[in-house]
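Have a look at target16.tsv; it's TSV, C-alpha atoms and all ligand atoms:
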chain	number	residue	atom	x	y	z
U	1	MET	CA	0.00	0.00	0.00
U	2	ALA	CA	1.55	3.30	-1.06
U	3	SER	CA	0.86	6.18	1.24
U	4	GLU	CA	2.02	9.70	1.80
U	5	GLY	CA	0.86	12.96	3.25
U	6	LYS	CA	-0.57	13.68	6.62
U	7	ASN	CA	-2.41	11.17	8.74
U	8	LEU	CA	-6.19	11.32	8.62
U	9	ILE	CA	-8.06	11.71	11.87
U	10	GLY	CA	-9.59	8.36	12.83
U	11	VAL	CA	-13.32	8.48	13.61
U	12	ASP	CA	-14.90	5.28	14.89
U	13	ILE	CA	-18.67	5.63	15.23
U	14	GLY	CA	-19.64	2.62	17.36
U	15	SER	CA	-23.05	1.72	18.73
U	16	THR	CA	-22.24	2.95	22.24
U	17	SER	CA	-19.75	5.75	21.59
U	18	ILE	CA	-17.76	7.72	19.04
U	19	LYS	CA	-13.99	7.46	19.36
U	20	VAL	CA	-11.59	9.94	17.74
U	21	VAL	CA	-7.82	9.53	17.43
U	22	GLU	CA	-5.24	11.77	15.84
U	23	ILE	CA	-1.65	10.72	15.31
U	24	LYS	CA	1.18	13.02	14.30
U	25	GLU	CA	3.95	11.40	12.34
U	26	SER	CA	7.28	13.00	11.73
U	27	ARG	CA	10.56	11.47	10.70
U	28	GLY	CA	9.36	7.96	11.36
U	29	SER	CA	8.15	8.59	14.89
U	30	ARG	CA	4.49	8.76	15.85
U	31	LYS	CA	2.76	10.58	18.65
U	32	LEU	CA	-0.81	10.28	19.81
U	33	VAL	CA	-1.95	13.90	19.93
U	34	ARG	CA	-5.71	13.53	20.34
U	35	PHE	CA	-8.08	11.04	21.90
U	36	GLY	CA	-11.75	11.74	22.40
U	37	LEU	CA	-14.69	9.56	23.36
U	38	HIS	CA	-18.29	10.68	23.21
U	39	PRO	CA	-20.97	8.30	24.56
U	40	LEU	CA	-24.07	7.89	22.40
U	41	PRO	CA	-27.55	7.45	23.86
U	42	PRO	CA	-29.04	3.93	23.63
U	43	GLU	CA	-30.79	3.09	20.34
U	44	THR	CA	-28.72	5.63	18.37
U	45	ILE	CA	-27.36	2.82	16.21
U	46	VAL	CA	-29.26	-0.46	15.97
U	47	ASP	CA	-27.95	-3.47	14.00
U	48	GLY	CA	-25.43	-1.18	12.33
U	49	HIS	CA	-28.10	1.26	11.13
U	50	ILE	CA	-27.89	4.84	12.32
U	51	ILE	CA	-31.37	5.56	13.70
U	52	ASN	CA	-30.67	8.81	15.53
U	53	SER	CA	-28.39	10.72	13.18
U	54	GLY	CA	-28.87	13.94	15.19
U	55	ALA	CA	-27.10	12.36	18.18
U	56	VAL	CA	-24.18	11.28	16.01
U	57	VAL	CA	-23.78	14.69	14.35
U	58	GLU	CA	-23.98	16.38	17.74
U	59	GLY	CA	-21.32	14.02	19.13
U	60	LEU	CA	-19.02	14.65	16.18
U	61	GLU	CA	-19.45	18.40	16.53
U	62	LYS	CA	-18.52	18.21	20.21
U	63	LEU	CA	-15.48	16.05	19.54
U	64	PHE	CA	-14.28	18.32	16.71
U	65	HIS	CA	-14.92	21.55	18.54
U	66	LYS	CA	-11.69	23.57	18.15
U	67	VAL	CA	-10.17	21.02	15.75
U	68	ARG	CA	-8.98	22.65	12.58
U	69	ARG	CA	-8.01	19.65	10.47
U	70	ARG	CA	-11.09	17.82	9.28
U	71	ASN	CA	-9.90	15.11	6.90
U	72	VAL	CA	-11.13	11.92	8.47
U	73	ALA	CA	-11.09	8.14	8.03
U	74	LEU	CA	-14.39	6.55	9.05
U	75	ARG	CA	-15.23	3.09	10.32
U	76	ALA	CA	-18.06	1.35	8.49
U	77	SER	CA	-20.18	-1.12	10.43
U	78	GLY	CA	-19.73	-4.76	9.53
U	79	HIS	CA	-23.49	-4.85	8.91
U	80	SER	CA	-23.14	-2.89	5.69
U	81	VAL	CA	-20.14	-4.74	4.28
U	82	ILE	CA	-19.39	-8.30	3.24
U	83	ILE	CA	-15.83	-9.64	3.09
U	84	LYS	CA	-15.03	-12.86	1.25
U	85	LYS	CA	-11.81	-14.58	0.38
U	86	ILE	CA	-12.10	-16.21	-3.03
U	87	ALA	CA	-9.79	-18.27	-5.22
U	88	MET	CA	-9.34	-17.23	-8.87
U	89	PRO	CA	-7.08	-18.29	-11.72
U	90	LEU	CA	-3.81	-16.34	-11.89
U	91	MET	CA	-4.14	-13.12	-13.88
U	92	THR	CA	-2.74	-9.62	-14.04
U	93	PRO	CA	-4.20	-6.84	-11.88
U	94	ALA	CA	-5.72	-5.30	-15.03
U	95	GLU	CA	-7.43	-8.54	-16.01
U	96	LEU	CA	-8.64	-8.94	-12.45
U	97	GLN	CA	-10.08	-5.45	-12.49
U	98	GLU	CA	-12.10	-6.44	-15.54
U	99	GLN	CA	-13.35	-9.73	-14.13
U	100	ILE	CA	-13.98	-8.85	-10.52
U	101	GLY	CA	-17.54	-7.62	-11.05
U	102	TRP	CA	-18.58	-10.87	-12.69
U	103	GLU	CA	-16.80	-12.84	-9.96
U	104	ALA	CA	-18.46	-10.77	-7.24
U	105	GLU	CA	-21.86	-11.65	-8.65
U	106	GLN	CA	-21.25	-15.30	-7.77
U	107	HIS	CA	-20.19	-14.57	-4.21
U	108	ILE	CA	-22.06	-11.55	-2.94
U	109	PRO	CA	-25.72	-11.92	-1.96
U	110	PHE	CA	-26.52	-8.23	-2.59
U	111	ASP	CA	-27.75	-6.63	-5.79
U	112	LEU	CA	-24.52	-5.50	-7.48
U	113	ALA	CA	-26.09	-2.18	-8.47
U	114	GLU	CA	-26.39	-1.41	-4.78
U	115	VAL	CA	-22.86	-2.25	-3.71
U	116	HIS	CA	-19.41	-0.86	-4.14
U	117	ILE	CA	-16.84	-3.59	-4.83
U	118	ASP	CA	-13.23	-3.42	-3.74
U	119	HIS	CA	-10.61	-6.14	-3.91
U	120	GLN	CA	-7.06	-6.99	-3.00
U	121	ILE	CA	-4.79	-9.83	-4.10
U	122	LEU	CA	-3.67	-11.73	-1.00
U	123	HIS	CA	-1.52	-14.52	-2.42
U	124	ARG	CA	-0.38	-15.73	-5.78
U	125	ARG	CA	-0.01	-19.51	-5.78
U	126	GLU	CA	2.07	-19.82	-8.94
U	127	ASP	CA	2.45	-23.61	-8.75
U	128	GLU	CA	-1.31	-24.13	-8.62
U	129	GLY	CA	-2.11	-21.41	-11.18
U	130	GLN	CA	-4.38	-19.79	-8.59
U	131	MET	CA	-4.52	-16.71	-6.48
U	132	ASP	CA	-6.45	-15.71	-3.38
U	133	VAL	CA	-8.37	-12.48	-3.64
U	134	LEU	CA	-10.08	-10.59	-0.87
U	135	LEU	CA	-13.43	-9.31	-2.08
U	136	VAL	CA	-15.09	-6.47	-0.18
U	137	ALA	CA	-18.64	-5.39	-1.02
U	138	ALA	CA	-20.09	-2.35	0.74
U	139	LYS	CA	-23.72	-1.27	0.47
U	140	ARG	CA	-23.58	2.08	-1.29
U	141	GLU	CA	-26.56	3.57	0.47
U	142	GLU	CA	-25.33	2.78	3.98
U	143	ILE	CA	-21.82	4.06	3.25
U	144	ALA	CA	-23.37	7.23	1.79
U	145	ASP	CA	-25.51	7.67	4.93
U	146	LEU	CA	-22.36	7.43	7.02
U	147	THR	CA	-20.29	9.87	4.97
U	148	ASN	CA	-23.23	12.29	4.71
U	149	LEU	CA	-23.43	12.39	8.48
U	150	ALA	CA	-19.76	13.25	8.69
U	151	VAL	CA	-20.23	15.98	6.09
U	152	GLU	CA	-23.14	17.33	8.11
U	153	ALA	CA	-20.76	17.62	11.06
U	154	ARG	CA	-18.45	19.59	8.73
U	155	LEU	CA	-15.92	16.78	8.36
U	156	LYS	CA	-14.27	15.65	5.16
U	157	PRO	CA	-14.43	11.86	4.88
U	158	MET	CA	-11.50	10.58	2.81
U	159	CYS	CA	-11.80	6.85	3.34
U	160	VAL	CA	-13.89	4.18	5.01
U	161	ASP	CA	-12.50	1.05	6.64
U	162	LEU	CA	-13.68	-1.95	8.64
U	163	ASP	CA	-12.98	-3.08	12.20
U	164	ALA	CA	-11.10	-6.18	11.02
U	165	PHE	CA	-8.63	-4.23	8.88
U	166	THR	CA	-8.09	-1.32	11.27
U	167	VAL	CA	-7.26	-3.74	14.10
U	168	GLN	CA	-4.89	-5.56	11.74
U	169	ASN	CA	-3.25	-2.21	10.97
U	170	VAL	CA	-2.64	-1.63	14.67
U	171	LEU	CA	-1.13	-5.10	15.04
U	172	GLU	CA	1.16	-4.73	12.04
U	173	VAL	CA	2.41	-1.27	12.95
U	174	GLY	CA	2.53	-1.77	16.72
U	175	TYR	CA	3.74	-5.36	16.92
U	176	GLY	CA	5.08	-6.09	13.44
U	177	VAL	CA	3.66	-8.23	10.63
U	178	PRO	CA	3.27	-11.83	11.87
U	179	GLN	CA	5.98	-14.25	10.68
U	180	PRO	CA	5.02	-16.56	7.79
U	181	HIS	CA	4.83	-19.59	10.10
U	182	GLU	CA	2.59	-17.83	12.62
U	183	THR	CA	-1.20	-17.83	12.80
U	184	VAL	CA	-2.40	-14.81	14.73
U	185	VAL	CA	-6.04	-14.31	15.68
U	186	LEU	CA	-7.48	-10.83	16.17
U	187	ILE	CA	-10.78	-10.67	18.03
U	188	HIS	CA	-12.46	-7.28	18.31
U	189	VAL	CA	-15.37	-7.30	20.76
U	190	GLY	CA	-17.42	-4.12	20.90
U	191	ALA	CA	-20.88	-3.66	22.36
U	192	SER	CA	-22.97	-5.20	19.60
U	193	LEU	CA	-20.53	-6.82	17.21
U	194	THR	CA	-17.57	-9.19	17.43
U	195	THR	CA	-15.15	-9.50	14.52
U	196	VAL	CA	-12.69	-12.34	14.15
U	197	ASN	CA	-9.77	-11.91	11.75
U	198	ILE	CA	-7.24	-14.72	11.38
U	199	LEU	CA	-3.87	-13.90	9.85
U	200	ALA	CA	-1.82	-16.70	8.35
U	201	ASP	CA	1.20	-16.39	6.05
U	202	GLY	CA	1.16	-12.68	6.81
U	203	THR	CA	-2.33	-11.95	5.42
U	204	THR	CA	-6.01	-12.36	6.20
U	205	ALA	CA	-6.95	-16.02	5.94
U	206	PHE	CA	-10.39	-15.87	7.54
U	207	THR	CA	-12.81	-13.22	8.82
U	208	ARG	CA	-16.16	-13.55	10.50
U	209	ASP	CA	-18.59	-11.19	12.21
U	210	ILE	CA	-20.60	-12.43	15.17
U	211	ALA	CA	-23.64	-10.34	16.12
U	212	ASN	CA	-22.85	-10.42	19.83
U	213	GLY	CA	-20.77	-8.35	22.24
U	214	GLY	CA	-20.70	-6.52	25.58
U	215	ASN	CA	-24.34	-5.42	25.30
U	216	ALA	CA	-25.47	-8.98	25.87
U	217	ILE	CA	-23.77	-8.94	29.30
U	218	THR	CA	-25.37	-5.63	30.29
U	219	GLU	CA	-28.80	-6.78	29.10
U	220	GLU	CA	-28.60	-10.02	31.06
U	221	ILE	CA	-27.59	-8.23	34.29
U	222	GLN	CA	-30.42	-5.75	33.70
U	223	ARG	CA	-32.94	-8.54	33.11
U	224	GLN	CA	-31.95	-10.81	35.96
U	225	LEU	CA	-31.67	-8.07	38.59
U	226	SER	CA	-34.58	-5.99	37.22
U	227	ILE	CA	-32.52	-2.80	37.25
U	228	SER	CA	-31.92	0.05	34.80
U	229	ARG	CA	-29.52	-0.19	31.91
U	230	GLU	CA	-27.20	2.38	33.52
U	231	GLU	CA	-27.02	0.42	36.78
U	232	ALA	CA	-26.39	-2.83	34.93
U	233	GLU	CA	-23.62	-1.19	32.89
U	234	ALA	CA	-21.99	0.17	36.07
U	235	TYR	CA	-22.12	-3.24	37.76
U	236	LYS	CA	-20.61	-4.86	34.71
U	237	CYS	CA	-17.75	-2.37	34.67
U	238	GLY	CA	-16.86	-3.16	38.27
U	239	GLY	CA	-19.27	-1.47	40.61
U	240	ASP	CA	-21.83	1.23	41.08
U	241	GLY	CA	-19.33	3.88	42.10
U	242	ARG	CA	-19.49	2.89	45.77
U	243	GLY	CA	-17.67	-0.37	45.25
U	244	ILE	CA	-20.75	-2.53	45.78
U	245	VAL	CA	-21.60	-5.18	43.23
U	246	PRO	CA	-24.42	-7.67	43.91
U	247	ARG	CA	-22.97	-11.14	44.30
U	248	GLU	CA	-24.96	-12.48	41.31
U	249	VAL	CA	-23.14	-10.18	38.88
U	250	PRO	CA	-19.92	-12.16	38.33
U	251	GLU	CA	-21.97	-15.29	37.75
U	252	ILE	CA	-24.19	-13.58	35.17
U	253	ILE	CA	-21.10	-12.18	33.44
U	254	ASN	CA	-19.57	-15.67	33.32
U	255	THR	CA	-22.68	-17.23	31.81
U	256	VAL	CA	-22.92	-14.69	28.98
U	257	VAL	CA	-19.17	-14.76	28.41
U	258	GLU	CA	-19.22	-18.55	28.05
U	259	GLN	CA	-21.74	-18.20	25.22
U	260	LEU	CA	-19.70	-15.57	23.42
U	261	ALA	CA	-16.43	-17.47	23.89
U	262	GLY	CA	-18.21	-20.57	22.56
U	263	GLU	CA	-19.26	-18.72	19.40
U	264	ILE	CA	-15.72	-17.42	18.94
U	265	GLN	CA	-14.29	-20.90	19.38
U	266	ARG	CA	-16.67	-22.26	16.73
U	267	SER	CA	-15.15	-19.77	14.26
U	268	LEU	CA	-11.62	-20.83	15.23
U	269	ASP	CA	-12.58	-24.52	14.91
U	270	PHE	CA	-14.11	-23.87	11.51
U	271	TYR	CA	-10.93	-22.15	10.34
U	272	LEU	CA	-8.72	-24.97	11.64
U	273	ALA	CA	-10.94	-27.63	10.06
U	274	THR	CA	-11.05	-25.99	6.63
U	275	SER	CA	-7.66	-24.32	6.21
U	276	GLY	CA	-5.27	-27.19	6.82
U	277	ASP	CA	-3.55	-24.95	9.37
U	278	ARG	CA	-2.61	-27.10	12.39
U	279	ASP	CA	-2.59	-24.61	15.22
U	280	LEU	CA	-2.91	-21.01	16.30
U	281	THR	CA	0.04	-19.04	17.65
U	282	ARG	CA	-1.50	-16.19	19.60
U	283	ILE	CA	-4.78	-14.37	20.14
U	284	TYR	CA	-5.18	-10.63	20.64
U	285	VAL	CA	-8.44	-9.18	21.91
U	286	SER	CA	-9.52	-5.54	21.50
U	287	GLY	CA	-12.70	-3.43	21.81
U	288	GLY	CA	-14.38	-2.32	25.03
U	289	THR	CA	-15.36	-5.85	25.98
U	290	ALA	CA	-11.66	-6.83	26.09
U	291	ASN	CA	-11.89	-5.28	29.57
U	292	VAL	CA	-13.93	-8.25	30.71
U	293	ARG	CA	-11.29	-10.53	32.21
U	294	ALA	CA	-13.60	-13.56	32.25
U	295	LEU	CA	-13.88	-13.36	28.46
U	296	LEU	CA	-10.12	-13.46	27.95
U	297	ASP	CA	-9.83	-16.42	30.33
U	298	SER	CA	-12.65	-18.29	28.66
U	299	VAL	CA	-11.23	-17.75	25.15
U	300	GLN	CA	-7.80	-18.87	26.36
U	301	ASP	CA	-9.17	-21.99	28.08
U	302	ARG	CA	-10.97	-23.06	24.94
U	303	ALA	CA	-8.33	-22.23	22.34
U	304	ARG	CA	-5.41	-23.26	24.53
U	305	VAL	CA	-3.16	-20.52	23.14
U	306	PRO	CA	-2.01	-17.32	24.88
U	307	VAL	CA	-4.55	-14.48	24.85
U	308	GLU	CA	-3.48	-10.87	25.25
U	309	VAL	CA	-5.23	-7.50	25.11
U	310	LEU	CA	-4.03	-5.58	22.04
U	311	ASP	CA	-2.29	-2.39	23.12
U	312	PRO	CA	-2.79	0.48	20.65
U	313	LEU	CA	-0.22	2.60	22.47
U	314	ARG	CA	2.45	0.45	20.81
U	315	VAL	CA	1.56	2.36	17.64
U	316	ALA	CA	1.98	5.81	19.15
U	317	GLN	CA	2.74	6.99	22.66
U	318	PRO	CA	0.64	9.84	24.03
U	319	ASP	CA	2.03	13.30	23.46
U	320	SER	CA	2.94	15.20	26.64
U	321	LYS	CA	0.05	17.61	26.02
U	322	LEU	CA	-2.53	14.81	25.98
U	323	ASP	CA	-4.28	14.29	29.31
U	324	PRO	CA	-3.23	10.74	30.27
U	325	MET	CA	-6.45	10.31	32.24
U	326	SER	CA	-8.49	10.59	29.04
U	327	LEU	CA	-7.12	7.20	28.00
U	328	GLN	CA	-7.44	5.54	31.38
U	329	GLY	CA	-9.31	2.24	30.90
U	330	ARG	CA	-10.14	3.25	27.32
U	331	THR	CA	-7.20	1.91	25.32
U	332	ALA	CA	-9.00	-1.26	24.20
U	333	GLN	CA	-11.83	0.94	22.89
U	334	ALA	CA	-9.39	3.20	21.03
U	335	VAL	CA	-7.96	0.45	18.79
U	336	VAL	CA	-10.22	0.95	15.74
U	337	ALA	CA	-9.85	4.74	15.79
U	338	MET	CA	-6.08	4.26	16.15
U	339	GLY	CA	-6.02	1.96	13.12
U	340	LEU	CA	-8.03	4.53	11.15
U	341	ALA	CA	-5.66	7.31	12.23
U	342	LEU	CA	-2.80	5.44	10.57
U	343	ARG	CA	-4.40	6.04	7.18
U	344	LYS	CA	-2.88	8.85	5.11
U	345	GLU	CA	-4.37	11.63	3.03
U	346	ARG	CA	-2.98	10.23	-0.18
U	347	GLU	CA	-3.22	6.50	-0.23
U	348	ARG	CA	-3.60	3.96	-2.89
U	349	ARG	CA	-4.43	0.32	-2.28
U	350	ASN	CA	-2.60	-1.80	-4.81
U	351	ALA	CA	-4.25	-4.52	-6.87
L	401	LIG	N1	-14.20	-1.69	32.09
L	401	LIG	C1	-15.10	-2.34	31.38
L	401	LIG	N2	-15.58	-3.53	31.81
L	401	LIG	C2	-16.51	-4.21	31.09
L	401	LIG	N3	-17.02	-3.79	29.92
L	401	LIG	C3	-16.57	-2.62	29.44
L	401	LIG	C4	-15.59	-1.84	30.13
L	401	LIG	N4	-15.34	-0.72	29.39
L	401	LIG	C5	-16.13	-0.82	28.30
L	401	LIG	N5	-16.87	-1.94	28.33
L	401	LIG	C6	-17.88	-2.39	27.35
L	401	LIG	O1	-17.39	-2.27	26.04
L	401	LIG	C7	-18.46	-1.97	25.14
L	401	LIG	C8	-18.10	-0.73	24.37
L	401	LIG	O2	-16.96	-1.03	23.62
L	401	LIG	P1	-16.66	-0.30	22.23
L	401	LIG	O3	-16.51	1.14	22.46
L	401	LIG	O4	-15.52	-1.04	21.63
L	401	LIG	O5	-18.02	-0.60	21.45
L	401	LIG	P2	-18.69	0.22	20.25
L	401	LIG	O6	-17.63	0.53	19.28
L	401	LIG	O7	-19.46	1.36	20.77
L	401	LIG	O8	-19.73	-0.86	19.73
L	401	LIG	P3	-19.84	-1.66	18.31
L	401	LIG	O9	-18.56	-1.50	17.58
L	401	LIG	O10	-20.09	-3.08	18.74
L	401	LIG	O11	-20.99	-1.06	17.64
L	401	LIG	C9	-19.70	-1.76	25.97
L	401	LIG	O12	-20.50	-2.93	25.95
L	401	LIG	C10	-19.12	-1.51	27.36
L	401	LIG	O13	-19.99	-1.90	28.38
L	402	MG	MG	-16.77	-0.60	17.75
I'd like the structure from this file rewritten - as structure tokens, please.
Ligand SMILES: Nc1ncnc2c1ncn2[C@@H]1O[C@H](COP(=O)(O)OP(=O)(O)OP(=O)(O)O)[C@@H](O)[C@H]1O
Ligand SMILES: [Mg+2]
Amino acid sequence: MASEGKNLIGVDIGSTSIKVVEIKESRGSRKLVRFGLHPLPPETIVDGHIINSGAVVEGLEKLFHKVRRRNVALRASGHSVIIKKIAMPLMTPAELQEQIGWEAEQHIPFDLAEVHIDHQILHRREDEGQMDVLLVAAKREEIADLTNLAVEARLKPMCVDLDAFTVQNVLEVGYGVPQPHETVVLIHVGASLTTVNILADGTTAFTRDIANGGNAITEEIQRQLSISREEAEAYKCGGDGRGIVPREVPEIINTVVEQLAGEIQRSLDFYLATSGDRDLTRIYVSGGTANVRALLDSVQDRARVPVEVLDPLRVAQPDSKLDPMSLQGRTAQAVVAMGLALRKERERRNA
């Protein structure tokens, strides 16, 4: 990927909050110069659809108050995009460009007139006369809704990316590209969506979205204890401010976490059964729900490989002017915005 120019400001509009990250890069060193998080009211975004656009625009305006630069990279919800890895006969990038629409028709269950197709060559397998191509289809209307919102908040959207790829960006820049013999699993667990991205031979080998996340834990605490959403959320995050958590809470968390970890493990099992890959090397977890220790333990117990929380500060350390408290307990939530903030003003994806 060729890239130059200034970094874009990363804007991750999630279902529970908007996260903004700005990185300054000079002479090969990066600094984190801005981090902002604006909570969104419940039901602002449901199943990836922005229901209350006013709340999002208002949040963006608050976060960008006093910010002069407005070129941003946005995160698109996995609900509006389909990613597929497909095998095709070897051909040149120009030939591929010509054929990709026809190929997409076979693999994408949307009306092609309604989607924007992007692709990237992952691997050329010369000996087999085949190559692996990553096909990305985004629903035009939903992407337009997203960029229009940003424009309404007086931002200039320059590119749109997905959780899976932004997290991968953070891994590659912060930790280095995995070695060819390694299989690294990235699991991003937000409030409503979990994305699994498995990297083998240095590139994406498998991705899957699971419509489940931290919300399920909050909802179960709320239901079982008959309390408000806010109280349930506070209990989940470690207390109600006075250090008192009802004794049922850890048990409820464990039950929901077991379900989610089970769904994640099914994806890992599916990958292992179909790829010929023998084992996984390491698992990194990110997103707000990475703060739930029981989830990390449960994933590790099932997969039997080390599980770590992905640290976005390995990409860029906070600048001295940034209030360190603003990041306290929020780093796992900042990963997608950090990955977006690595994108540059002038960038060209090859292939
Ligand atoms: N300390 C904590 N303990 C437990 N859960 C936490 C903690 N901090 C954040 N969370 C949970 O993380 C989730 C929010 O994470 P994140 O900001 O990554 O989601 P989002 O981007 O808004 O949602 P999505 O991408 O799924 O639409 C919420 O469910 C929240 O309760
Ligand atoms: Mg998110």
For this session: Provide the atom CA of U:Asp161 to atom CA of U:Arg208 distance in Å, to one decimal place.
Result: 15.5 Å
Exercise. Which residues, written as a PyMOL selection string, have at least one atom at most 9 Å from stretch 340-344 of chain U, with only C-alpha atoms counted and residues fewer than 5 positions away on the same chain left out?
Worked result: chain U and resi 3-12+20-23+72-75+159-162+166-167+169-170+173+315+335
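When all atoms listed in the file are used to measure the gap to ligand LIG 401 (chain L), the shortest distance among U:Leu225, U:Met88, U:Leu155, U:Ile253 belongs to U:Ile253.
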Exercise. So how many Å separate atom CA of U:Ser29 and atom CA of U:Pro318, to one decimal?
Worked result: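 About the pair atom CA of U:Ser29 and atom CA of U:Pro318: they are 11.9 Å apart.
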Hey, which bits of chain U sit within 10 Å of ligand MG 402 (chain L), and for each residue what's the closest pair of atoms and how far apart in Å (one decimal), counting all atoms listed in the file, rows by chain and increasing number, as CSV?
residue,atom,partner,partner_atom,distance
U:Asp12,CA,L:MG402,MG,6.8
U:Ile13,CA,L:MG402,MG,7.0
U:Gly14,CA,L:MG402,MG,4.3
U:Ser15,CA,L:MG402,MG,6.8
U:Thr16,CA,L:MG402,MG,7.9
U:Ser17,CA,L:MG402,MG,8.0
U:Ile18,CA,L:MG402,MG,8.5
U:Lys19,CA,L:MG402,MG,8.7
U:Arg75,CA,L:MG402,MG,8.4
U:Ala76,CA,L:MG402,MG,9.6
U:Ser77,CA,L:MG402,MG,8.1
U:Gly78,CA,L:MG402,MG,9.7
U:Leu162,CA,L:MG402,MG,9.7
U:Asp163,CA,L:MG402,MG,7.2
U:His188,CA,L:MG402,MG,8.0
U:Val189,CA,L:MG402,MG,7.5
U:Gly190,CA,L:MG402,MG,4.8
U:Ala191,CA,L:MG402,MG,6.9
U:Ser192,CA,L:MG402,MG,7.9
U:Leu193,CA,L:MG402,MG,7.3
U:Thr194,CA,L:MG402,MG,8.6
U:Thr195,CA,L:MG402,MG,9.6
U:Gly213,CA,L:MG402,MG,9.8
U:Ser286,CA,L:MG402,MG,9.5
U:Gly287,CA,L:MG402,MG,6.4
U:Gly288,CA,L:MG402,MG,7.9
U:Thr289,CA,L:MG402,MG,9.9
U:Gln333,CA,L:MG402,MG,7.3
U:Ala334,CA,L:MG402,MG,8.9
U:Val335,CA,L:MG402,MG,8.9
U:Val336,CA,L:MG402,MG,7.0
U:Ala337,CA,L:MG402,MG,9.0
